Amino acid sequence: MSDQSLVPIDQNLPNKLPLVALMGRPIFPGIFTPIMIGNPADVKVVDDAVARDALIGLVMLSNETETPSITDLHKVGTAAKIVKKINLPDGGVNIFISTLKRFRIKKTLNAINPIVAAVDYMDDEEDDTSEVKALTRALISEMKQISENNPLFSEEMRLNMINIDHPGKIADFIASILNIDKGEQQKILEILNVRKRMEQVLVFIKKEQELLRIQKKIQKEINEKIEKSQRDYFLKEELKAIKTELGMTTDAKSSEYQRFKEKLDAFKFEGEIKETVDQELEKFNLMDPNSAEFIVTRNYLDVIAGLPWNDPAPEHFDLKTAQAILEEDHYGLKDVKTRIVEYLAVRKLRKDTRGSIVCLVGPPGVGKTSVGRSIARSLGKQFFRFSVGGMRDEAEIKGHRRTYIGALPGKIIQGLKIVKAKDPVFMIDEIDKMGASYQGDPASALLEVLDPEQNSSFRDHYLDLPFDISHIFFIVTANTLDTIPTPLQDRMEIIQLPGYIDTEKLEIARRYLVPKSLEKNGLKKNQVRYTKDSLLHIANGYAREAGVRNFEKNLDKIHRKIAKQIIETEEGLSEKKAEKARANPEKFNIDKKLIEKHLGKPIFPEGEVKKADRPGMSVGLAWTSMGGDTLVIEALSVPGKEGLTLTGMMGDTMKESAAIAMTVARKLAVERYGLAAEWFDKNHIHLHIPEGATPKDGPSAGITMATAFLSLMRGKTIADRLVMTGELSLTGQVLPIGGLKEKTIAARRNKARHIIIPKQNVRDLDEIPDHVKKGIEFHPVERFEEVLGLALPD
């Protein structure tokens, strides 16, 4: 009987192995683990190996595919023995394997189904040094720390790790249980040098420790948040219980419900309003605070609770005090002040708190908005102003319906909520500049607001409840009435604010503009003084418009230059001297010469007066939204075909007026002055109104154009300093015009001495202040022949 000795299985390994492709991670030597095999080709390999009690090779795929070949595998794998096989219902198998040794694929024997290869087994490159021992201890020590903090590491894993006596196997075991990328695991599998393998594994252990540290930190923060939220919850529950015992409201919603109920009950609503409010309150009480409808209902109740529903208290104001306030705030505007004081007197006599609707019409800068503030101050009422200039959506006036997201009440209801009074003064600015669009017409929406017969039960779309706005004193402002719809004009009491003449501007500057501008620019009250001539020079040379805005801008310009001059002087002094200079500021006396130094040459030179100084010229008066203006008419004849050319951006009405003027002038030239009819056949007449870029329209220049034509036909210049205005009919009648007051102010600015006006406008002369009419002679006329007698006397 021959001697037989036991040989370890890892020393008697076959050189030819059937290979099983691993879809997941590689498997290291020295591991006992289950594997699921689903591929039919691999199942056949397993069945053959079990039948022959043979080994198999486990190699990870480098390219994942359902039908792998040997080219899709990595070159290094692990030889394994199948310990147990369990068949699965889906045709696959679950095998328990014990891995033995690394191998490298040397040669392909069968590339696919099954994959068979010749292999070379690879031994670890031992390096029995103290460094390897130290690395072994470090690996075990570090893994102990990880395993203690990670519940996924079982006690069995910990014991296995301690009981492994080979450094290379320790590195393999640790690499197999660490949560690292499969590509990195494959690289570790391919490292034969034990020391290098252990170093690489140690790097991954450190990374795992860092991940665990971050994980613990995140877990700690989450736990703290959960603990805080639980603590807050318990405290809130305790607070609720205490409040319930004390009979107090237990949450924000109940508190708000109580607040709304108390406020709304105090108003003592009746009828439709009470029914709607009670329904909304009940709905609010039953709603979940997190629902979108909750916020909508809350906002709606907030608007209702914030409105002044109770009737206003009786008024107590003194007429003399009101008049004194109006006089204090504004110079001139006698007609406006008289109308307002009369209105206040009636209001006091009737003991009536009903509102009124006043429309202030005038050019920019004449004080329309400030008059509104003064009215509110004189009545002792709240003031609310909003502009409708450029407004195109009627919802801005009447609100949006609550069905829309972000719906709001209109400006009227918003204003009442802000002022918290039922009888405030409301100013609606720029009513002549409203537009209309597909979203509605705001002007039409204002019809209900400004109608005393309707606004006692005004319905805002958002509120959808009748609200009495008849106690509001509405003041509306506009530059012109032309663009305001007639139905809207009918609802308002219209007060015209004319432009200012130079003497009025002088007083306004002295009383209001100069002190205001000095304060705005950091100068003291008496630091700058103006002579009368200097202020008049600004009015006539730099700010000849109807209002005083440009006047104020020019004053600001002068004061800025003075402020700069003071600072530059102070900066050149020592600190003590600068303080002394501030204590005793330098005085500045502004005369005409200094005005031109600071503002430059006048925009309107003194000698620049519009005048007719040759045949074919006449001077008319026009009214614009900027106030009154003078208009020079020029006519010229040239030899050529009969006809009339009109230039100067004339509107259709003005062109028709020019045609009438030509017909009347031609008839008179032939019949009265003996001009040959053939003259018209041989001459072409051209009529032009300078400032060609400015649009002009209206019939009031009729007599002015006819006078220019006859001046041309007779070759005679019209009388000096004579201006005129009046519509001309085809039969030679002079018809009435509008805006006489503004036109007279423009004539005065142009240094006119004679104004021809229609006889029917004589009644308007009473409205023009005496200081405006002073030095001007008015000539009322009924027929165009009377105009010729004054302008072109024989």
# chains A, B, ... in the order shown; residues from 1 in each chain; ligands from 1
>>> select_by_dssp(residues="stretch 7-49 of chain A", states="helix (DSSP H, G or I)", output="NGL selection string")
:A and (9-11 or 40-49)
>>> closest_residue(among="A:Ile472, A:Thr663, A:Phe680, A:Leu88", to="A:Glu642", atoms="only C-alpha atoms")
A:Phe680
>>> closest_residue(among="A:His537, A:Lys225, A:Lys101, A:Lys263", to="A:Lys81", atoms="only C-alpha atoms")
A:Lys101
>>> residues_around(residues="stretch 345-356 of chain A", least_positions_apart="5", cutoff="12 Å", atoms="only C-alpha atoms", output="number ranges by chain")
A: 311-320, 322-323, 338-340, 379, 381, 422-427, 449-453, 455-456, 468-476, 491-494
>>> residues_around(residues="A:Ser534", least_positions_apart="4", cutoff="7 Å", atoms="only C-alpha atoms", output="number ranges by chain")
A: 530, 538, 590-592, 595
>>> closest_residue(among="A:Val548, A:Ala445, A:Asp460, A:Lys577", to="A:Ala407", atoms="only C-alpha atoms")
A:Asp460
>>> residues_around(residues="A:Asp764", least_positions_apart="3", cutoff="12 Å", atoms="only C-alpha atoms", output="ChimeraX atom specification")
/A:736-744,757-761,767-769,773,778,780
>>> residues_around(residues="stretch 699-709 of chain A", least_positions_apart="6", cutoff="7 Å", atoms="only C-alpha atoms", output="PyMOL selection string")
chain A and resi 616-620+633-635+653-654+657-658+661-662+665+724-728+737+784
>>> closest_residue(among="A:Gly390, A:Pro466, A:Pro585, A:Pro498", to="A:Gly522", atoms="only C-alpha atoms")
A:Pro585
>>> atom_distance(atom1="atom CA of A:Asp720", atom2="atom CA of A:Val609")
11.4 Å
>>> residues_around(residues="A:Ala266", least_positions_apart="6", cutoff="10 Å", atoms="only C-alpha atoms", output="PDB file with N, CA, C and O atoms, in the first residue's frame")
ATOM      1  N   PHE A 260     -62.591  89.579  13.542  1.00  0.00           N
ATOM      2  CA  PHE A 260     -63.508  89.984  12.462  1.00  0.00           C
ATOM      3  C   PHE A 260     -64.943  90.106  12.987  1.00  0.00           C
ATOM      4  O   PHE A 260     -65.647  91.062  12.673  1.00  0.00           O
ATOM      5  N   ALA A 305     -63.991  94.840   6.986  1.00  0.00           N
ATOM      6  CA  ALA A 305     -63.776  95.325   8.350  1.00  0.00           C
ATOM      7  C   ALA A 305     -63.010  96.650   8.365  1.00  0.00           C
ATOM      8  O   ALA A 305     -63.138  97.438   9.302  1.00  0.00           O
ATOM      9  N   ASN A 310     -69.946 103.435   9.031  1.00  0.00           N
ATOM     10  CA  ASN A 310     -70.835 104.319   9.808  1.00  0.00           C
ATOM     11  C   ASN A 310     -70.932 105.706   9.174  1.00  0.00           C
ATOM     12  O   ASN A 310     -69.969 106.194   8.562  1.00  0.00           O
TER      13      ASN A 310
END
>>> select_by_dssp(residues="stretch 589-747 of chain A", states="strand (DSSP E)", output="PyMOL selection string")
chain A and resi 589-590+617-624+627-639+643-647+683-688+722-724+727-728+734-735
>>> closest_residue(among="A:Val93, A:Ala543, A:Leu523, A:Val528", to="A:Ile567", atoms="only C-alpha atoms")
A:Leu523
